[in-house]
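Each remark here refers to the structure printed beneath this line.
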Amino acid sequence: MPADPIVFFERPYPSANMVLVRGQNPILLDTGYGSDLQETENLLRGAGTPPEALSLIVNSHYHCDHAGGNARLQRDYGIPVAAHRWEAALVNGRDREACGVEWLDQPIEPYRVDRPLSDGDELDAGPMVLRVIHTPGHTLGHISLYAPEEETLLLGDAVHGDDVAWLNPFREGVGAVLRALETLDRLSALPARRAFSGHGTEVRDLQAAIDRGRRRYEKWLEESEKAYWHACKRIFGYALMIYGGLEEGEVAPYLLRCPWFGDYARHGFGTEPEAFIDPLVAEMLRSKAAGWRDRRLVALPPHNAPSPGWPSGPTRPKDWPGLRQPG
């Protein structure tokens, strides 16, 4: 019996999951967080497809937990990167909004997108052929990959088995929830025997996961503050992971300099940022997203602390070196 062409890597934060599609032209969906690069390489080698054998990296979207490994894999092995054309233009233009870095305060090393993608494009891993499905919601340029012959869906953050993606009306548009619902409708119409998400375990019952996600998003349309709380806890919890926590006296200054925090406080909850610090910290503690350890606020969910010495270069697109023009 031939080996399964799909290899699913379930990864702890700060990395997202990866999916390797083995074949004559192996394709890797997403590359994890930049500080987890050594583990990324080890996983690929353990699956029998070393990084140098990859024909293409595809990003479901450009957040650092999904695209953070791009820079060094591209630099060290010359692997081309593909992404939705809207996000490709921001990345290649070194736009300060690229990857959400400035707004989220989530560092990512410089890379380029070699192959802009559009809905309906096909990627041939040989023999598996993957169709690009534009699945906006979490980001405007989010994509999923679908193998019709194998009835297999690689979802990125479009659907999770036990949660939903946080949504960002301040950078992705006020229609983010409606776009996410339309994405669920579109994915629901695709025959799929197997489905793999960007976070959590393999999605065993895709339709049930889609139905749960739809009910949650519909509730957010009625009670928008639920969406805002969900996003704030995810963003702040991730910051605590990648920065190793914050001393008690660092929490307020950190939050007050983060654009996401100011936007959610003022425009989501209708309060001044200074007044939203204590409620957010209290909710982080109540939900066990964070806890105090020796007067340091730390993330409680399992995660890998970033390795020493990472990053070693610029991590904001406005500071990335420009791309050389052809010719």
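If you're wondering about the labels, chains in the structure tokens are A, B, ... by order shown, residues count from 1 in each chain, ligands from 1 in order shown.
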
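Residues in contact with region 295-310 of chain A at 6 Å, where only C-alpha atoms are counted and same-chain residues fewer than 3 positions away are skipped, are listed as A:Pro12, A:Tyr13, A:Ser35, A:Gly237, A:Leu240, A:Met241, A:Gly245, A:Leu246, A:Glu247, A:Glu248, A:Ala289, A:Ala290, A:Gly291, A:Trp292.
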
For the residues in that selection, give me C-alpha atoms as a JSON list (two decimals), in the first residue's frame.
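The new file out_22.json reads:
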[["chain", "number", "residue", "atom", "x", "y", "z"],
["A", 12, "PRO", "CA", 1.98, 23.64, 20.08],
["A", 13, "TYR", "CA", 2.03, 27.43, 20.20],
["A", 35, "SER", "CA", 11.86, 30.48, 16.65],
["A", 237, "GLY", "CA", -2.19, 35.29, 25.37],
["A", 240, "LEU", "CA", 2.70, 36.35, 26.70],
["A", 241, "MET", "CA", 3.91, 33.19, 24.95],
["A", 245, "GLY", "CA", 5.44, 36.66, 30.08],
["A", 246, "LEU", "CA", 5.49, 40.16, 31.52],
["A", 247, "GLU", "CA", 6.55, 41.47, 34.91],
["A", 248, "GLU", "CA", 3.70, 42.97, 36.91],
["A", 289, "ALA", "CA", -5.43, 31.92, 29.61],
["A", 290, "ALA", "CA", -2.78, 33.39, 31.93],
["A", 291, "GLY", "CA", -1.63, 33.25, 35.53],
["A", 292, "TRP", "CA", 0.76, 34.94, 37.92]]

Practice task
Find the residues near Ala192 (chain A): any atom within 12 Å, counting only C-alpha atoms, skip ones fewer than 2 places away on the same chain, and give them as a ChimeraX atom specification.
Solution key: /A:145-155,187-190,194-196,203-207

Handout entry: Those of region 125-188 of chain A in DSSP alpha helix (DSSP H), formatted as a VMD selection string
Key = chain A and resid 169 to 172 176 to 188

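Using only C-alpha atoms, the contacts of Val113 (chain A) at a cut-off of 6 Å, with sequence neighbours closer than 6 positions omitted, comprise Val81, Ala82 and Ala88 of chain A.
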
Fill in the blank from the handout: What separates CA of Phe269 (chain A) and CA of Trp229 (chain A) is a distance of 9.3 Å

Exercise for the section: Once DSSP has gone over the backbone, tell me which residues of region 80-139 of chain A are in strand (DSSP E), as a ChimeraX atom specification. Expected result: /A:81-84,115-117,122-124,129-134

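Minimum distance to Met18 (chain A) across A:Leu130, A:Leu43, A:Met284, A:Val101 (counting only C-alpha atoms) occurs at A:Leu43.
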
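In terms of minimum interatomic distance to Glu87 (chain A), A:Tyr62 ranks closest within A:Phe9, A:Tyr254, A:Tyr62, A:Trp260, counting only C-alpha atoms.
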
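Counting only C-alpha atoms, the residue from A:Glu172, A:Glu39, A:Glu250, A:Asp114 that sits nearest to Ile277 (chain A) is A:Glu250.
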
Handout entry: Surrounding residues of Pro317 (chain A) excluding itself and chain neighbours under 5 positions, 7 Å, only C-alpha atoms, as a PyMOL selection string
Key = chain A and resi 94-96+98+110

Exercise for the section: Name the residues in contact with Leu73 (chain A) at a cut-off of 10 Å, using only C-alpha atoms, excluding same-chain residues fewer than 2 positions from it; report them as a ChimeraX atom specification. Expected result: /A:31,34,37,40-41,51-52,54,57,68-71,75-81,111

Would you save the residues from that selection as a PDB file, in the first residue's frame, using C-alpha atoms?
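Writing the result to out-v4.pdb gives the following:
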ATOM      1  CA  THR A  31       5.857  26.912   8.325  1.00  0.00           C
ATOM      2  CA  GLY A  34      10.271  31.583  13.376  1.00  0.00           C
ATOM      3  CA  LEU A  37      12.562  26.505  12.828  1.00  0.00           C
ATOM      4  CA  THR A  40      10.149  22.438  11.731  1.00  0.00           C
ATOM      5  CA  GLU A  41      13.178  21.036   9.916  1.00  0.00           C
ATOM      6  CA  PRO A  51      13.415  20.915   3.583  1.00  0.00           C
ATOM      7  CA  GLU A  52      15.666  20.906   0.534  1.00  0.00           C
ATOM      8  CA  LEU A  54      10.248  20.848  -0.945  1.00  0.00           C
ATOM      9  CA  ILE A  57       5.687  26.551   0.647  1.00  0.00           C
ATOM     10  CA  GLY A  68       7.233  32.649  10.555  1.00  0.00           C
ATOM     11  CA  GLY A  69       9.435  29.871   9.194  1.00  0.00           C
ATOM     12  CA  ASN A  70       9.299  31.224   5.638  1.00  0.00           C
ATOM     13  CA  ALA A  71      12.325  33.493   5.920  1.00  0.00           C
ATOM     14  CA  ARG A  75      17.026  31.735   2.569  1.00  0.00           C
ATOM     15  CA  ASP A  76      18.678  28.406   3.425  1.00  0.00           C
ATOM     16  CA  TYR A  77      17.030  26.156   0.834  1.00  0.00           C
ATOM     17  CA  GLY A  78      15.712  28.455  -1.890  1.00  0.00           C
ATOM     18  CA  ILE A  79      12.127  27.234  -1.471  1.00  0.00           C
ATOM     19  CA  PRO A  80       9.570  29.474  -3.218  1.00  0.00           C
ATOM     20  CA  VAL A  81       6.625  30.776  -1.196  1.00  0.00           C
ATOM     21  CA  TYR A 111      10.571  36.886   3.215  1.00  0.00           C
TER      22      TYR A 111
END

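Closest to Tyr228 (chain A) among A:Gly48, A:Pro314, A:Gly268, A:Gly141 is A:Gly268, based on only C-alpha atoms.
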
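Considering the residues A:Cys232, A:Leu167, A:Pro107, A:Gly313 and counting only C-alpha atoms, Leu280 (chain A) has its shortest atom-to-atom contact with A:Cys232.
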